[in-house]
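What follows is a set of notes on a single structure, which appears directly below.
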Amino acid sequence: MTRPARTVFVAVLAFASVEAFLPGPTGRTQFGAHSVSVVPYSSSALPLSSQPAEVDAGSLQVLGDDHESEGERLAKSVAGWLDNEWMEQEVHIRMGDAAKSTYVSCRLVGDDEIMSIMTAVSENLDSNWNEYDKDAFVNAWDIGNYVADYLMHRIGNEGCGCSAQIFDPDA
């Protein structure tokens, strides 16, 4: 059984940066969208279901048990991505090494979930951000999103597209 056709309009807001959510000089939030799109969306093709939809992100088990090597590859990819995106900086290597350390720790305790590894990487970087903040052009959550895209790419799944391009350290 399908739902009757109906069209709804979805507003899509794109923000220039995280600064759009930060308090301005007056103490009020500077909530300003960089661009706004209103898109018609038809729900007629959606099946009627009482079950929530699940997304299969895939399993990291296909990467094998050599977590140290995969972590090293991840660290080089993070640093290479940041170097290409901005400019070569030593802080990019340190942030990549921190992502590697968190990745390896998660995998050694049996964590194969991309989302939880992404969150762990972001939270670890965020809790130690004073080590990176002076020279970084991104934040901890940008790196966490990149790690999720990187891992999705490594297991052969399409990522969320949060990162422009995955840096291949072997190329």
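By convention here, the chains of the structure tokens are called A, B, ... in the order presented, each chain's residues are numbered starting at 1, and ligands are numbered starting at 1 in the order presented.
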Next on the checklist: Residues near Phe167 of chain A, anyone? I mean within 9 Å using only C-alpha atoms, not counting same-chain ones fewer than 4 positions away, as a list of chain:residue names.
Outcome noted: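 So, after excluding close chain neighbours, the residues are A:Lys76, A:Ser77, A:Val78, A:Ala79, A:Gly80, A:Trp81, A:Asn84, A:Tyr150, A:Ala171.
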Selected residues, N, CA and C atoms, written as an mmCIF file, in the first residue's frame, please.
data_model
loop_
_atom_site.group_PDB
_atom_site.id
_atom_site.type_symbol
_atom_site.label_atom_id
_atom_site.label_comp_id
_atom_site.auth_asym_id
_atom_site.auth_seq_id
_atom_site.Cartn_x
_atom_site.Cartn_y
_atom_site.Cartn_z
ATOM 1 N N LYS A 76 47.542 9.476 7.510
ATOM 2 C CA LYS A 76 48.122 10.102 6.317
ATOM 3 C C LYS A 76 47.040 10.725 5.442
ATOM 4 N N SER A 77 45.886 10.074 5.379
ATOM 5 C CA SER A 77 44.786 10.609 4.583
ATOM 6 C C SER A 77 44.252 11.912 5.186
ATOM 7 N N VAL A 78 44.077 11.939 6.506
ATOM 8 C CA VAL A 78 43.608 13.161 7.174
ATOM 9 C C VAL A 78 44.596 14.305 6.929
ATOM 10 N N ALA A 79 45.886 14.046 7.169
ATOM 11 C CA ALA A 79 46.901 15.091 6.989
ATOM 12 C C ALA A 79 46.977 15.536 5.532
ATOM 13 N N GLY A 80 46.930 14.589 4.594
ATOM 14 C CA GLY A 80 46.984 14.927 3.176
ATOM 15 C C GLY A 80 45.781 15.742 2.729
ATOM 16 N N TRP A 81 44.593 15.360 3.226
ATOM 17 C CA TRP A 81 43.378 16.110 2.903
ATOM 18 C C TRP A 81 43.486 17.546 3.399
ATOM 19 N N ASN A 84 46.102 19.528 1.380
ATOM 20 C CA ASN A 84 45.573 19.898 0.065
ATOM 21 C C ASN A 84 44.517 20.984 0.164
ATOM 22 N N TYR A 150 36.004 8.771 4.906
ATOM 23 C CA TYR A 150 37.170 7.944 4.585
ATOM 24 C C TYR A 150 36.854 6.458 4.806
ATOM 25 N N ALA A 171 48.477 7.070 -3.413
ATOM 26 C CA ALA A 171 48.532 7.528 -4.825
ATOM 27 C C ALA A 171 49.794 8.326 -5.097
#
Checklist entry - Quick one: of A:Val62, A:Leu74, A:Val121, A:Ala136, who's nearest to Thr102 of chain A, counting only C-alpha atoms? => result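 Once distances to Thr102 of chain A are computed over only C-alpha atoms, the minimum belongs to A:Val121.
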Item to check | Contact residues around Lys134 of chain A with only C-alpha atoms at 12 Å, ignoring same-chain residues under 5 positions, as a PyMOL selection string | outcome: chain A and resi 89-92+129+139
Those residues with N, CA, C and O atoms, as an mmCIF file, in the first residue's frame please?
data_model
loop_
_atom_site.group_PDB
_atom_site.id
_atom_site.type_symbol
_atom_site.label_atom_id
_atom_site.label_comp_id
_atom_site.auth_asym_id
_atom_site.auth_seq_id
_atom_site.Cartn_x
_atom_site.Cartn_y
_atom_site.Cartn_z
ATOM 1 N N GLN A 89 50.925 21.861 6.994
ATOM 2 C CA GLN A 89 51.186 22.305 8.361
ATOM 3 C C GLN A 89 51.456 21.081 9.240
ATOM 4 O O GLN A 89 50.830 20.045 9.062
ATOM 5 N N GLU A 90 52.309 21.253 10.196
ATOM 6 C CA GLU A 90 52.630 20.184 11.132
ATOM 7 C C GLU A 90 51.418 19.775 11.956
ATOM 8 O O GLU A 90 51.258 18.608 12.313
ATOM 9 N N VAL A 91 50.526 20.712 12.230
ATOM 10 C CA VAL A 91 49.341 20.416 13.032
ATOM 11 C C VAL A 91 48.455 19.380 12.340
ATOM 12 O O VAL A 91 47.780 18.588 13.005
ATOM 13 N N HIS A 92 48.476 19.339 11.017
ATOM 14 C CA HIS A 92 47.678 18.350 10.288
ATOM 15 C C HIS A 92 48.166 16.930 10.580
ATOM 16 O O HIS A 92 47.361 16.001 10.700
ATOM 17 N N TRP A 129 41.409 20.136 22.007
ATOM 18 C CA TRP A 129 41.514 21.094 20.918
ATOM 19 C C TRP A 129 42.525 22.209 21.178
ATOM 20 O O TRP A 129 43.071 22.791 20.236
ATOM 21 N N ASN A 139 37.631 22.335 12.453
ATOM 22 C CA ASN A 139 37.382 21.959 13.841
ATOM 23 C C ASN A 139 37.353 20.436 13.969
ATOM 24 O O ASN A 139 37.454 19.714 12.972
#
Item to check | Residues flagged strand (DSSP E) by DSSP in segment 39-160 of chain A, as a PyMOL selection string | outcome: chain A and resi 39-42
I need the chosen residues saved as a short mmCIF file (atom, residue, chain, number, x, y, z; two decimals), in the first residue's frame, with N, CA, C and O atoms.
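Below is the file part.cif, written as the result:
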data_model
loop_
_atom_site.label_atom_id
_atom_site.label_comp_id
_atom_site.auth_asym_id
_atom_site.auth_seq_id
_atom_site.Cartn_x
_atom_site.Cartn_y
_atom_site.Cartn_z
N VAL A 39 12.58 23.29 -2.17
CA VAL A 39 12.50 22.21 -3.13
C VAL A 39 11.19 21.46 -2.97
O VAL A 39 10.85 21.02 -1.87
N PRO A 40 10.42 21.29 -4.07
CA PRO A 40 9.21 20.47 -3.96
C PRO A 40 9.59 19.00 -3.83
O PRO A 40 10.54 18.55 -4.44
N TYR A 41 8.88 18.28 -3.00
CA TYR A 41 9.18 16.88 -2.75
C TYR A 41 7.87 16.10 -2.75
O TYR A 41 6.97 16.40 -2.00
N SER A 42 7.78 15.11 -3.60
CA SER A 42 6.58 14.31 -3.69
C SER A 42 6.77 13.03 -2.89
O SER A 42 7.77 12.35 -3.02
#
